[in-house]
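File shown here: entry-v6.csv, holding CSV, C-alpha atoms.
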chain,number,residue,atom,x,y,z
A,274,MET,CA,-5.0,-59.9,-80.4
A,275,GLY,CA,-8.3,-58.1,-80.4
A,276,VAL,CA,-8.6,-54.5,-79.1
A,277,HIS,CA,-10.4,-55.8,-75.9
A,278,ASP,CA,-8.2,-58.9,-75.2
A,279,GLY,CA,-5.8,-57.1,-72.8
A,280,ARG,CA,-8.6,-55.9,-70.5
A,281,ARG,CA,-10.4,-59.3,-70.7
A,282,ALA,CA,-7.2,-61.1,-69.6
A,283,ARG,CA,-6.7,-58.7,-66.7
A,284,LYS,CA,-10.3,-59.1,-65.6
A,285,LYS,CA,-10.1,-62.9,-65.7
A,286,GLU,CA,-6.9,-62.9,-63.7
A,287,GLN,CA,-8.5,-60.4,-61.2
A,288,PHE,CA,-11.5,-62.8,-60.8
A,289,LEU,CA,-9.2,-65.8,-60.3
A,290,ALA,CA,-7.1,-64.0,-57.7
A,291,HIS,CA,-9.8,-62.2,-55.7
A,292,GLY,CA,-13.3,-63.6,-56.7
A,293,LEU,CA,-16.3,-61.5,-57.5
A,294,ASP,CA,-16.0,-59.4,-54.4
A,295,ALA,CA,-13.4,-57.4,-56.2
A,296,PHE,CA,-15.9,-56.5,-59.0
A,297,SER,CA,-18.6,-53.9,-59.2
A,298,ASP,CA,-22.0,-55.2,-60.6
A,299,HIS,CA,-21.3,-53.9,-64.1
A,300,GLU,CA,-17.8,-55.5,-64.1
A,301,ALA,CA,-19.2,-58.8,-63.0
A,302,LEU,CA,-21.7,-58.6,-65.8
A,303,GLU,CA,-19.0,-57.6,-68.2
A,304,LEU,CA,-17.0,-60.7,-67.3
A,305,LEU,CA,-19.9,-63.0,-67.8
A,306,LEU,CA,-20.6,-61.6,-71.2
A,307,TYR,CA,-17.1,-62.4,-72.4
A,308,TYR,CA,-18.2,-66.0,-72.9
A,309,ALA,CA,-21.1,-65.1,-75.3
A,310,LEU,CA,-19.6,-62.1,-77.1
A,311,PRO,CA,-15.9,-62.6,-77.9
A,312,ARG,CA,-15.5,-59.5,-80.1
A,313,VAL,CA,-17.8,-56.9,-78.4
A,314,ASP,CA,-17.0,-54.2,-75.8
A,315,THR,CA,-18.9,-55.9,-73.0
A,316,ASN,CA,-18.0,-53.2,-70.5
A,317,ALA,CA,-20.1,-50.7,-72.4
A,318,LEU,CA,-22.8,-53.3,-72.9
A,319,ALA,CA,-22.9,-54.2,-69.2
A,320,HIS,CA,-23.4,-50.5,-68.4
A,321,ARG,CA,-26.3,-50.3,-71.0
A,322,LEU,CA,-28.0,-53.4,-69.6
A,323,ILE,CA,-27.9,-52.2,-66.0
A,324,GLU,CA,-29.1,-48.7,-67.0
A,325,ARG,CA,-31.9,-50.3,-69.0
A,326,PHE,CA,-33.1,-52.7,-66.3
A,327,GLY,CA,-32.0,-50.9,-63.1
A,328,SER,CA,-29.9,-53.6,-61.4
A,329,LEU,CA,-27.9,-56.7,-61.9
A,330,ASP,CA,-30.6,-58.8,-60.5
A,331,ALA,CA,-33.2,-57.2,-62.9
A,332,VAL,CA,-30.9,-58.0,-65.9
A,333,PHE,CA,-31.0,-61.7,-65.0
A,334,CYS,CA,-34.8,-61.6,-64.5
A,335,ALA,CA,-35.5,-59.8,-67.8
A,336,PRO,CA,-37.4,-61.6,-70.6
A,337,LEU,CA,-35.3,-62.9,-73.5
A,338,ASN,CA,-37.0,-60.5,-76.0
A,339,GLU,CA,-36.3,-57.4,-73.8
A,340,LEU,CA,-32.7,-58.4,-73.5
A,341,GLU,CA,-32.3,-58.8,-77.2
A,342,ALA,CA,-33.8,-55.4,-77.7
A,343,VAL,CA,-30.7,-53.8,-76.0
A,344,GLU,CA,-28.1,-52.7,-78.6
A,345,GLY,CA,-25.3,-55.3,-78.8
A,346,VAL,CA,-27.1,-58.2,-77.1
A,347,GLY,CA,-27.7,-61.0,-79.5
A,348,ARG,CA,-29.5,-64.3,-79.0
A,349,SER,CA,-26.4,-66.0,-77.5
A,350,ALA,CA,-25.8,-63.4,-74.8
A,351,ALA,CA,-29.6,-63.1,-74.0
A,352,THR,CA,-29.8,-66.9,-73.6
A,353,LEU,CA,-26.8,-66.8,-71.3
A,354,LEU,CA,-28.3,-64.1,-69.1
A,355,THR,CA,-31.6,-65.8,-68.8
A,356,LEU,CA,-29.8,-69.1,-67.8
A,357,VAL,CA,-28.1,-67.6,-64.7
A,358,LEU,CA,-31.0,-67.6,-62.2
A,359,PRO,CA,-32.5,-71.0,-63.2
A,360,LEU,CA,-29.0,-72.5,-63.0
A,361,ALA,CA,-28.4,-70.9,-59.6
A,362,ARG,CA,-31.7,-72.3,-58.3
A,363,ARG,CA,-30.7,-75.8,-59.4
A,364,ALA,CA,-27.3,-75.4,-57.7
A,365,ARG,CA,-28.9,-74.2,-54.5
A,366,THR,CA,-31.3,-77.1,-54.1
A,367,VAL,CA,-30.2,-80.4,-52.6
A,368,SER,CA,-28.3,-82.7,-54.9
A,369,ALA,CA,-30.6,-85.3,-56.6
A,370,ARG,CA,-28.2,-88.0,-55.3
A,371,GLN,CA,-29.2,-87.3,-51.7
A,372,PRO,CA,-32.7,-88.1,-50.4
A,373,VAL,CA,-34.8,-85.0,-49.7
A,374,ILE,CA,-37.0,-85.5,-46.7
A,375,LEU,CA,-39.9,-83.0,-46.2
A,376,ALA,CA,-41.1,-84.3,-42.9
A,377,ASP,CA,-42.0,-81.0,-41.3
A,378,THR,CA,-43.0,-77.4,-42.1
A,379,GLU,CA,-39.5,-76.0,-41.6
A,380,ALA,CA,-37.9,-78.5,-44.0
A,381,ALA,CA,-40.6,-78.0,-46.6
A,382,GLY,CA,-40.5,-74.2,-46.3
A,383,ARG,CA,-36.7,-74.0,-46.7
A,384,PHE,CA,-36.8,-76.4,-49.7
A,385,PHE,CA,-39.3,-74.2,-51.5
A,386,VAL,CA,-37.5,-70.9,-50.6
A,387,GLU,CA,-34.5,-72.3,-52.4
A,388,LEU,CA,-36.6,-73.6,-55.3
A,389,PHE,CA,-38.1,-70.2,-55.9
A,390,PHE,CA,-34.8,-68.3,-55.6
A,391,GLY,CA,-34.7,-65.4,-58.1
A,392,LEU,CA,-38.1,-66.3,-59.8
A,393,ARG,CA,-40.1,-63.2,-60.7
A,394,GLU,CA,-43.2,-64.8,-62.2
A,395,GLU,CA,-45.7,-66.7,-60.1
A,396,ARG,CA,-45.4,-70.5,-60.3
A,397,VAL,CA,-47.0,-73.5,-58.6
A,398,TYR,CA,-45.0,-76.6,-57.7
A,399,LEU,CA,-46.2,-80.0,-56.6
A,400,ALA,CA,-43.9,-82.1,-54.4
A,401,CYS,CA,-44.9,-85.8,-54.3
A,402,LEU,CA,-43.8,-87.7,-51.2
A,403,ASP,CA,-43.7,-91.3,-50.1
A,404,ALA,CA,-45.1,-92.5,-46.7
A,405,LYS,CA,-41.9,-91.3,-44.8
A,406,GLY,CA,-41.8,-87.9,-46.4
A,407,LYS,CA,-39.1,-88.7,-49.0
A,408,LEU,CA,-39.4,-86.5,-52.1
A,409,LEU,CA,-40.3,-88.6,-55.1
A,410,ARG,CA,-40.6,-85.8,-57.6
A,411,CYS,CA,-41.2,-82.0,-57.7
A,412,THR,CA,-42.9,-80.6,-60.7
A,413,ALA,CA,-44.1,-77.2,-61.8
A,414,VAL,CA,-47.8,-77.6,-62.4
A,415,SER,CA,-48.7,-74.1,-63.6
A,416,ASP,CA,-47.3,-70.6,-64.3
A,417,GLY,CA,-49.0,-67.3,-64.1
A,418,SER,CA,-48.3,-63.6,-64.3
A,419,ALA,CA,-46.6,-61.8,-61.4
A,420,ASP,CA,-50.0,-61.5,-59.8
A,421,THR,CA,-51.8,-64.9,-60.2
A,422,ALA,CA,-51.3,-68.6,-61.0
A,423,THR,CA,-54.2,-71.0,-61.3
A,424,LEU,CA,-54.1,-74.5,-59.8
A,425,ASN,CA,-54.7,-77.2,-62.3
A,426,LEU,CA,-56.5,-79.7,-60.2
A,427,ARG,CA,-56.6,-82.4,-62.9
A,428,ARG,CA,-52.9,-82.2,-63.5
A,429,ILE,CA,-52.2,-82.2,-59.7
A,430,VAL,CA,-54.2,-85.4,-59.3
A,431,GLU,CA,-52.7,-87.1,-62.3
A,432,LEU,CA,-49.1,-86.3,-61.3
A,433,ALA,CA,-49.7,-87.4,-57.7
A,434,PHE,CA,-51.3,-90.7,-58.9
A,435,GLN,CA,-48.6,-91.4,-61.5
A,436,SER,CA,-45.8,-90.8,-58.9
A,437,ASN,CA,-47.4,-93.3,-56.5
A,438,ALA,CA,-47.4,-90.6,-53.9
A,439,SER,CA,-48.7,-91.2,-50.4
A,440,ALA,CA,-48.8,-87.4,-49.8
A,441,VAL,CA,-48.1,-84.2,-51.6
A,442,ILE,CA,-47.2,-80.6,-50.7
A,443,LEU,CA,-48.2,-77.7,-52.9
A,444,SER,CA,-46.2,-74.5,-53.0
A,445,HIS,CA,-46.4,-71.2,-54.9
A,446,ASN,CA,-44.6,-67.9,-54.7
A,447,HIS,CA,-45.8,-64.3,-54.3
A,448,PRO,CA,-43.4,-62.2,-56.3
A,449,SER,CA,-44.9,-59.1,-54.6
A,450,GLY,CA,-42.8,-60.0,-51.6
A,451,VAL,CA,-45.7,-60.7,-49.2
A,452,ALA,CA,-46.3,-64.4,-48.2
A,453,LEU,CA,-49.7,-63.9,-46.7
A,454,PRO,CA,-52.4,-66.1,-48.4
A,455,SER,CA,-55.3,-64.6,-50.3
A,456,GLN,CA,-58.8,-65.9,-50.3
A,457,ASP,CA,-58.2,-67.5,-53.7
A,458,ASP,CA,-55.2,-69.3,-52.2
A,459,ASN,CA,-57.3,-70.7,-49.4
A,460,GLU,CA,-60.1,-71.8,-51.6
A,461,SER,CA,-57.9,-73.4,-54.2
A,462,THR,CA,-56.0,-75.2,-51.5
A,463,LEU,CA,-59.2,-76.7,-50.1
A,464,ALA,CA,-60.3,-77.7,-53.6
A,465,ALA,CA,-57.0,-79.5,-54.1
A,466,TRP,CA,-57.2,-81.2,-50.6
A,467,ASP,CA,-60.7,-82.5,-51.5
A,468,ALA,CA,-59.7,-83.7,-55.0
A,469,LEU,CA,-56.6,-85.6,-53.6
A,470,ARG,CA,-58.6,-87.0,-50.7
A,471,ARG,CA,-60.9,-88.7,-53.2
A,472,ILE,CA,-58.0,-90.8,-54.6
A,473,GLY,CA,-56.5,-91.5,-51.1
A,474,ILE,CA,-53.6,-89.1,-51.2
A,475,ARG,CA,-53.0,-86.6,-48.4
A,476,LEU,CA,-52.3,-82.9,-49.1
A,477,ILE,CA,-50.0,-82.2,-46.2
A,478,ASP,CA,-49.5,-78.5,-46.8
A,479,HIS,CA,-49.5,-75.5,-49.1
A,480,ILE,CA,-46.5,-73.4,-48.7
A,481,ILE,CA,-46.5,-69.8,-49.9
A,482,VAL,CA,-43.0,-68.3,-50.5
A,483,ALA,CA,-42.1,-64.6,-50.8
A,484,ASP,CA,-38.3,-63.9,-51.1
A,485,ASP,CA,-36.8,-65.6,-48.0
A,486,ASP,CA,-40.0,-65.9,-46.1
A,487,PHE,CA,-42.7,-68.6,-46.2
A,488,VAL,CA,-46.2,-69.3,-44.7
A,489,SER,CA,-47.7,-72.7,-44.1
A,490,LEU,CA,-51.4,-72.9,-44.7
A,491,ARG,CA,-51.6,-76.0,-42.5
A,492,ASP,CA,-49.9,-74.1,-39.7
A,493,ASN,CA,-52.5,-71.3,-40.3
A,494,GLY,CA,-55.2,-73.9,-39.5
A,495,LEU,CA,-56.7,-74.1,-43.0
A,496,LEU,CA,-56.3,-77.8,-43.6
A,497,PRO,CA,-58.0,-80.5,-41.5
A,498,PRO,CA,-55.8,-82.5,-39.0
A,499,GLN,CA,-53.9,-85.4,-40.6

Would you write the structure of this file as structure tokens?
Amino acid sequence: MGVHDGRRARKKEQFLAHGLDAFSDHEALELLLYYALPRVDTNALAHRLIERFGSLDAVFCAPLNELEAVEGVGRSAATLLTLVLPLARRARTVSARQPVILADTEAAGRFFVELFFGLREERVYLACLDAKGKLLRCTAVSDGSADTATLNLRRIVELAFQSNASAVILSHNHPSGVALPSQDDNESTLAAWDALRRIGIRLIDHIIVADDDFVSLRDNGLLPPQ
């Protein structure tokens, strides 16, 4: 039995009996790291990670190379940590076995709020819909820094056409925490609306997400009536 096995067994039993509510942040992180680092004192490592990045959430948002720079974190542990938030986002979105209907602003807004959960860099998604608002596919079309992401109009048009979409919804996030559209957001939205109009596909909306809040550019009056 290893020097840490007794503590690990107790922590696992504690989790099974009481769930994560019985754990502090560093203890929860310690528990997770058991599964990547079988012979390391993950309690000390969890403390180092939270001290380095400032919070549990920030650890999961940290880039792979910055995680690997922390003493005791190898590639396996860094990979596990970077997997947590994307996996949570996928689990929070509606099962692919169930049809997703984005027929109104509220449904679209809540869908994208879940999709952007935990994401700290800016990203643009394109949701392709059939004539009844059923989601055919949702694809990331561009990534940016925490400050800006550029719409790739050619890719948007190609994806919408390939998906045989009747309509599409664009969405991107503002990691700054403010969902208000910028002038660039408005201009790029109108450019996308015009490009899609030329091939007979409607741009229904552009949803901007910031944390649990969202703004619809159609509701703001930017897009022409459908």

Give me, as a Markdown table, each residue of range 424-461 of chain A that comes within 12 Å of range 376-381 of chain A, together with its shortest interatomic pair and the distance in Å at one decimal, counting only C-alpha atoms, with rows ordered by chain and rising residue number.
| residue | atom | partner | partner_atom | distance |
| --- | --- | --- | --- | --- |
| A:Ala440 | CA | A:Ala376 | CA | 10.8 |
| A:Val441 | CA | A:Ala381 | CA | 10.9 |
| A:Ile442 | CA | A:Ala381 | CA | 8.2 |
| A:Leu443 | CA | A:Ala381 | CA | 9.9 |
| A:Ser444 | CA | A:Ala381 | CA | 9.2 |

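Proximity ranking of A:Gly347, A:Ala468, A:Asp314, A:Arg393 relative to Gly279 in chain A places A:Asp314 first, based on only C-alpha atoms.
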
Write out as a short mmCIF file (atom, residue, chain, number, x, y, z; two decimals) with C-alpha atoms, in the coordinates of the input each polymer residue whose atoms come within 9 Å of Ser489 in chain A, counting all atoms listed in the file; drop sequence neighbours fewer than 6 positions from it.
data_model
loop_
_atom_site.label_atom_id
_atom_site.label_comp_id
_atom_site.auth_asym_id
_atom_site.auth_seq_id
_atom_site.Cartn_x
_atom_site.Cartn_y
_atom_site.Cartn_z
CA THR A 378 -43.00 -77.40 -42.10
CA GLY A 382 -40.50 -74.20 -46.30
CA ASP A 478 -49.50 -78.50 -46.80
CA HIS A 479 -49.50 -75.50 -49.10
CA ILE A 480 -46.50 -73.40 -48.70
CA ILE A 481 -46.50 -69.80 -49.90
#

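Note that CA of Leu392 in chain A and CA of Pro359 in chain A are 8.1 Å apart.
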
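Considering the residues A:Asp403, A:Asp416, A:Asp467, A:Asp486 and counting all atoms listed in the file, Gly450 in chain A has its shortest atom-to-atom contact with A:Asp486.
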
- Contacts of Cys411 in chain A at 7 Å (only C-alpha atoms; same-chain gap of 5+ positions) as an MDAnalysis selection string: chainID A and resid 398:401

Generate the output file for the selected residues, C-alpha atoms, as a short mmCIF file (atom, residue, chain, number, x, y, z; two decimals), in the coordinates of the input.
data_model
loop_
_atom_site.label_atom_id
_atom_site.label_comp_id
_atom_site.auth_asym_id
_atom_site.auth_seq_id
_atom_site.Cartn_x
_atom_site.Cartn_y
_atom_site.Cartn_z
CA TYR A 398 -45.00 -76.60 -57.70
CA LEU A 399 -46.20 -80.00 -56.60
CA ALA A 400 -43.90 -82.10 -54.40
CA CYS A 401 -44.90 -85.80 -54.30
#

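Residue neighbourhood of Phe434 in chain A, excluding near-sequence residues (fewer than 3 positions): Cys401, Leu402, Asp403, Leu409, Arg410, Arg427, Arg428, Ile429, Val430, Glu431, Asn437, Ala438, Ser439, Ala440, Val441, Ala468, Leu469, Arg470, Arg471, Ile472, Gly473, Ile474 and Arg475 of chain A, at 12 Å, using only C-alpha atoms.
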
- Expressed in Å to a single decimal, how great is the separation between CA of Gly406 in chain A and CA of Asn425 in chain A? 23.1 Å

- Near Leu426 in chain A, counting all atoms listed in the file, which residues have an atom at most 10 Å away, once you skip same-chain residues fewer than 5 positions from it, shown as a PyMOL selection string? chain A and resi 414+431-432+461-462+464-466+468-469

Expected file: the selected residues, C-alpha atoms, as a short mmCIF file (atom, residue, chain, number, x, y, z; two decimals), keeping the file's coordinate frame:
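Final file, selection-v9.cif:
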data_model
loop_
_atom_site.label_atom_id
_atom_site.label_comp_id
_atom_site.auth_asym_id
_atom_site.auth_seq_id
_atom_site.Cartn_x
_atom_site.Cartn_y
_atom_site.Cartn_z
CA VAL A 414 -47.80 -77.60 -62.40
CA GLU A 431 -52.70 -87.10 -62.30
CA LEU A 432 -49.10 -86.30 -61.30
CA SER A 461 -57.90 -73.40 -54.20
CA THR A 462 -56.00 -75.20 -51.50
CA ALA A 464 -60.30 -77.70 -53.60
CA ALA A 465 -57.00 -79.50 -54.10
CA TRP A 466 -57.20 -81.20 -50.60
CA ALA A 468 -59.70 -83.70 -55.00
CA LEU A 469 -56.60 -85.60 -53.60
#

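Proximity of A:Ile323, A:Val482, A:Leu356, A:Ala290 to Phe389 in chain A, computed with all atoms listed in the file, is greatest for A:Val482.
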
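The gap separating CA of Ser328 in chain A from CA of Asp294 in chain A is 16.6 Å, in Å to one decimal.
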
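Surrounding residues of (-20.1, -62.0, -73.8) at most 9 Å away are Leu302, Glu303, Leu304, Leu305, Leu306, Tyr307, Tyr308, Ala309, Leu310, Pro311, Arg312, Val313, Asp314, Thr315, Val346, Ser349, Ala350 and Leu353 of chain A (based on only C-alpha atoms).
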
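Here the question is which of A:Ala364, A:Val373, A:Leu322, A:Val386 gets nearest to Ala351 in chain A using all atoms listed in the file, and that residue is A:Leu322.
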
Quick one: range 398-437 of chain A with N, CA and C atoms, as a PDB file, in the first residue's frame?
ATOM      1  N   TYR A 398     -20.535  30.399 -32.710  1.00  0.00           N
ATOM      2  CA  TYR A 398     -21.232  29.185 -33.124  1.00  0.00           C
ATOM      3  C   TYR A 398     -22.276  29.520 -34.188  1.00  0.00           C
ATOM      4  N   LEU A 399     -22.487  28.564 -35.082  1.00  0.00           N
ATOM      5  CA  LEU A 399     -23.551  28.648 -36.077  1.00  0.00           C
ATOM      6  C   LEU A 399     -24.504  27.485 -35.848  1.00  0.00           C
ATOM      7  N   ALA A 400     -25.769  27.795 -35.560  1.00  0.00           N
ATOM      8  CA  ALA A 400     -26.813  26.771 -35.418  1.00  0.00           C
ATOM      9  C   ALA A 400     -27.632  26.745 -36.694  1.00  0.00           C
ATOM     10  N   CYS A 401     -27.670  25.597 -37.358  1.00  0.00           N
ATOM     11  CA  CYS A 401     -28.423  25.434 -38.605  1.00  0.00           C
ATOM     12  C   CYS A 401     -29.761  24.764 -38.285  1.00  0.00           C
ATOM     13  N   LEU A 402     -30.842  25.335 -38.790  1.00  0.00           N
ATOM     14  CA  LEU A 402     -32.193  24.886 -38.452  1.00  0.00           C
ATOM     15  C   LEU A 402     -32.975  24.503 -39.694  1.00  0.00           C
ATOM     16  N   ASP A 403     -33.964  23.606 -39.500  1.00  0.00           N
ATOM     17  CA  ASP A 403     -34.888  23.329 -40.593  1.00  0.00           C
ATOM     18  C   ASP A 403     -36.037  24.341 -40.557  1.00  0.00           C
ATOM     19  N   ALA A 404     -37.026  24.155 -41.388  1.00  0.00           N
ATOM     20  CA  ALA A 404     -38.098  25.144 -41.514  1.00  0.00           C
ATOM     21  C   ALA A 404     -38.942  25.273 -40.251  1.00  0.00           C
ATOM     22  N   LYS A 405     -38.926  24.258 -39.379  1.00  0.00           N
ATOM     23  CA  LYS A 405     -39.710  24.281 -38.147  1.00  0.00           C
ATOM     24  C   LYS A 405     -38.881  24.679 -36.923  1.00  0.00           C
ATOM     25  N   GLY A 406     -37.620  25.068 -37.152  1.00  0.00           N
ATOM     26  CA  GLY A 406     -36.770  25.479 -36.048  1.00  0.00           C
ATOM     27  C   GLY A 406     -36.016  24.347 -35.377  1.00  0.00           C
ATOM     28  N   LYS A 407     -36.058  23.141 -35.951  1.00  0.00           N
ATOM     29  CA  LYS A 407     -35.318  22.011 -35.387  1.00  0.00           C
ATOM     30  C   LYS A 407     -33.839  22.152 -35.699  1.00  0.00           C
ATOM     31  N   LEU A 408     -33.015  21.939 -34.683  1.00  0.00           N
ATOM     32  CA  LEU A 408     -31.568  22.056 -34.844  1.00  0.00           C
ATOM     33  C   LEU A 408     -31.028  20.902 -35.680  1.00  0.00           C
ATOM     34  N   LEU A 409     -30.367  21.234 -36.783  1.00  0.00           N
ATOM     35  CA  LEU A 409     -29.745  20.239 -37.644  1.00  0.00           C
ATOM     36  C   LEU A 409     -28.289  20.005 -37.252  1.00  0.00           C
ATOM     37  N   ARG A 410     -27.600  21.070 -36.938  1.00  0.00           N
ATOM     38  CA  ARG A 410     -26.220  20.982 -36.468  1.00  0.00           C
ATOM     39  C   ARG A 410     -25.842  22.308 -35.823  1.00  0.00           C
ATOM     40  N   CYS A 411     -24.875  22.243 -34.926  1.00  0.00           N
ATOM     41  CA  CYS A 411     -24.339  23.462 -34.311  1.00  0.00           C
ATOM     42  C   CYS A 411     -22.823  23.335 -34.320  1.00  0.00           C
ATOM     43  N   THR A 412     -22.174  24.276 -34.974  1.00  0.00           N
ATOM     44  CA  THR A 412     -20.746  24.168 -35.236  1.00  0.00           C
ATOM     45  C   THR A 412     -20.029  25.445 -34.837  1.00  0.00           C
ATOM     46  N   ALA A 413     -18.867  25.298 -34.209  1.00  0.00           N
ATOM     47  CA  ALA A 413     -18.007  26.453 -33.949  1.00  0.00           C
ATOM     48  C   ALA A 413     -17.394  26.901 -35.269  1.00  0.00           C
ATOM     49  N   VAL A 414     -17.567  28.172 -35.608  1.00  0.00           N
ATOM     50  CA  VAL A 414     -17.068  28.665 -36.892  1.00  0.00           C
ATOM     51  C   VAL A 414     -15.842  29.552 -36.746  1.00  0.00           C
ATOM     52  N   SER A 415     -15.558  30.019 -35.535  1.00  0.00           N
ATOM     53  CA  SER A 415     -14.317  30.766 -35.330  1.00  0.00           C
ATOM     54  C   SER A 415     -14.028  30.893 -33.848  1.00  0.00           C
ATOM     55  N   ASP A 416     -12.756  31.039 -33.542  1.00  0.00           N
ATOM     56  CA  ASP A 416     -12.293  31.286 -32.181  1.00  0.00           C
ATOM     57  C   ASP A 416     -11.480  32.559 -32.190  1.00  0.00           C
ATOM     58  N   GLY A 417     -11.483  33.225 -31.057  1.00  0.00           N
ATOM     59  CA  GLY A 417     -10.699  34.442 -30.943  1.00  0.00           C
ATOM     60  C   GLY A 417     -10.037  34.519 -29.588  1.00  0.00           C
ATOM     61  N   SER A 418      -9.477  35.666 -29.296  1.00  0.00           N
ATOM     62  CA  SER A 418      -8.936  35.925 -27.976  1.00  0.00           C
ATOM     63  C   SER A 418     -10.102  36.180 -27.033  1.00  0.00           C
ATOM     64  N   ALA A 419      -9.789  36.569 -25.803  1.00  0.00           N
ATOM     65  CA  ALA A 419     -10.844  36.905 -24.854  1.00  0.00           C
ATOM     66  C   ALA A 419     -11.546  38.199 -25.258  1.00  0.00           C
ATOM     67  N   ASP A 420     -11.023  38.906 -26.266  1.00  0.00           N
ATOM     68  CA  ASP A 420     -11.575  40.202 -26.637  1.00  0.00           C
ATOM     69  C   ASP A 420     -12.292  40.206 -27.983  1.00  0.00           C
ATOM     70  N   THR A 421     -11.913  39.306 -28.882  1.00  0.00           N
ATOM     71  CA  THR A 421     -12.490  39.423 -30.220  1.00  0.00           C
ATOM     72  C   THR A 421     -12.504  38.085 -30.939  1.00  0.00           C
ATOM     73  N   ALA A 422     -13.541  37.854 -31.715  1.00  0.00           N
ATOM     74  CA  ALA A 422     -13.609  36.712 -32.637  1.00  0.00           C
ATOM     75  C   ALA A 422     -14.166  37.239 -33.948  1.00  0.00           C
ATOM     76  N   THR A 423     -13.613  36.793 -35.044  1.00  0.00           N
ATOM     77  CA  THR A 423     -13.986  37.324 -36.351  1.00  0.00           C
ATOM     78  C   THR A 423     -14.925  36.355 -37.058  1.00  0.00           C
ATOM     79  N   LEU A 424     -16.029  36.874 -37.591  1.00  0.00           N
ATOM     80  CA  LEU A 424     -16.947  36.037 -38.351  1.00  0.00           C
ATOM     81  C   LEU A 424     -16.311  35.664 -39.690  1.00  0.00           C
ATOM     82  N   ASN A 425     -16.324  34.386 -39.988  1.00  0.00           N
ATOM     83  CA  ASN A 425     -15.845  33.899 -41.273  1.00  0.00           C
ATOM     84  C   ASN A 425     -17.078  33.686 -42.156  1.00  0.00           C
ATOM     85  N   LEU A 426     -17.425  34.697 -42.948  1.00  0.00           N
ATOM     86  CA  LEU A 426     -18.662  34.656 -43.720  1.00  0.00           C
ATOM     87  C   LEU A 426     -18.681  33.502 -44.719  1.00  0.00           C
ATOM     88  N   ARG A 427     -17.564  33.231 -45.334  1.00  0.00           N
ATOM     89  CA  ARG A 427     -17.518  32.147 -46.315  1.00  0.00           C
ATOM     90  C   ARG A 427     -17.816  30.803 -45.656  1.00  0.00           C
ATOM     91  N   ARG A 428     -17.234  30.568 -44.475  1.00  0.00           N
ATOM     92  CA  ARG A 428     -17.478  29.312 -43.763  1.00  0.00           C
ATOM     93  C   ARG A 428     -18.932  29.217 -43.298  1.00  0.00           C
ATOM     94  N   ILE A 429     -19.484  30.331 -42.846  1.00  0.00           N
ATOM     95  CA  ILE A 429     -20.882  30.343 -42.399  1.00  0.00           C
ATOM     96  C   ILE A 429     -21.806  29.969 -43.556  1.00  0.00           C
ATOM     97  N   VAL A 430     -21.605  30.577 -44.703  1.00  0.00           N
ATOM     98  CA  VAL A 430     -22.433  30.287 -45.873  1.00  0.00           C
ATOM     99  C   VAL A 430     -22.283  28.830 -46.296  1.00  0.00           C
ATOM    100  N   GLU A 431     -21.047  28.332 -46.323  1.00  0.00           N
ATOM    101  CA  GLU A 431     -20.804  26.948 -46.741  1.00  0.00           C
ATOM    102  C   GLU A 431     -21.473  25.957 -45.796  1.00  0.00           C
ATOM    103  N   LEU A 432     -21.341  26.158 -44.497  1.00  0.00           N
ATOM    104  CA  LEU A 432     -21.932  25.246 -43.520  1.00  0.00           C
ATOM    105  C   LEU A 432     -23.457  25.263 -43.596  1.00  0.00           C
ATOM    106  N   ALA A 433     -24.031  26.453 -43.736  1.00  0.00           N
ATOM    107  CA  ALA A 433     -25.487  26.561 -43.833  1.00  0.00           C
ATOM    108  C   ALA A 433     -25.999  25.848 -45.084  1.00  0.00           C
ATOM    109  N   PHE A 434     -25.299  26.029 -46.180  1.00  0.00           N
ATOM    110  CA  PHE A 434     -25.699  25.388 -47.441  1.00  0.00           C
ATOM    111  C   PHE A 434     -25.546  23.876 -47.363  1.00  0.00           C
ATOM    112  N   GLN A 435     -24.398  23.408 -46.826  1.00  0.00           N
ATOM    113  CA  GLN A 435     -24.143  21.969 -46.711  1.00  0.00           C
ATOM    114  C   GLN A 435     -25.151  21.286 -45.781  1.00  0.00           C
ATOM    115  N   SER A 436     -25.643  22.022 -44.786  1.00  0.00           N
ATOM    116  CA  SER A 436     -26.595  21.455 -43.822  1.00  0.00           C
ATOM    117  C   SER A 436     -28.029  21.471 -44.338  1.00  0.00           C
ATOM    118  N   ASN A 437     -28.211  22.031 -45.522  1.00  0.00           N
ATOM    119  CA  ASN A 437     -29.563  22.184 -46.085  1.00  0.00           C
ATOM    120  C   ASN A 437     -30.460  22.958 -45.126  1.00  0.00           C
TER     121      ASN A 437
END
